[in-house]
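What follows is a short report on a single structure.
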Amino acid sequence: MMFNDWHAYSLGPFHWIFMLAGVIIYFLVSLFIAKYMHRDAIKRGIKNTEFWLLIGFILNVIGLLLYIFVRKNYEERK
């Protein structure tokens, strides 16, 4: 075994399953964050709700933190 191949053997022969599970979890968390941000933006009457949907999906937690900072300027509509 060469030094550069340590990652291929560190998780065993099924390391690709862990990688796939990580990608799926990241995708689901991104989807959940984007959905939350989009719904909240609609409730608050923020323009460009689709923009925030994309920001939440692409940037994930960083996008959520940015949105929380920006949404303070808007009050929730009922």
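Letters A, B, ... go to the chains of the structure tokens in the order shown; residues in each chain start at 1; ligands are counted from 1 in the same order.
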Would you return as a PyMOL selection string the members of chain A that DSSP assigns to helix (DSSP H, G or I) on this structure's backbone? chain A and resi 3-10+15-44+49-59+61-73
Would you mind listing what lies within 10 Å of Leu54 (chain A) as JSON, numbers by chain, with only C-alpha atoms counted and same-chain residues fewer than 6 positions away left out? {"A": [30, 31, 34, 35, 37, 38, 60, 63]}
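Residues in contact with Ala41 (chain A) at up to 12 Å, not including ones fewer than 4 positions away on its chain and judged by only C-alpha atoms, are Ala34, Lys35, Tyr36, Met37, Gly45, Ile46, Lys47, Asn48, Thr49, Glu50, Phe51, Trp52, Leu53, Gly56, Leu64, Tyr67, Ile68, Val70, Arg71, Lys72, Asn73, Tyr74, Glu75, Glu76 and Arg77 of chain A.
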Would you compute the distance between CA of Phe69 (chain A) and CA of Val29 (chain A)? Give it in Å to one decimal. 19.7 Å
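The coordinates place CA of Phe57 (chain A) at 9.5 Å from CA of Leu28 (chain A).
The shortest atom-to-atom distance to Tyr26 (chain A), with only C-alpha atoms taken into account, belongs to A:Ile58 out of A:Arg44, A:Ile58, A:Phe14, A:Arg39.
Closest approach to Ile33 (chain A) among A:Met19, A:Leu66, A:Val61, A:Pro13 is made by A:Val61 (distances from only C-alpha atoms).
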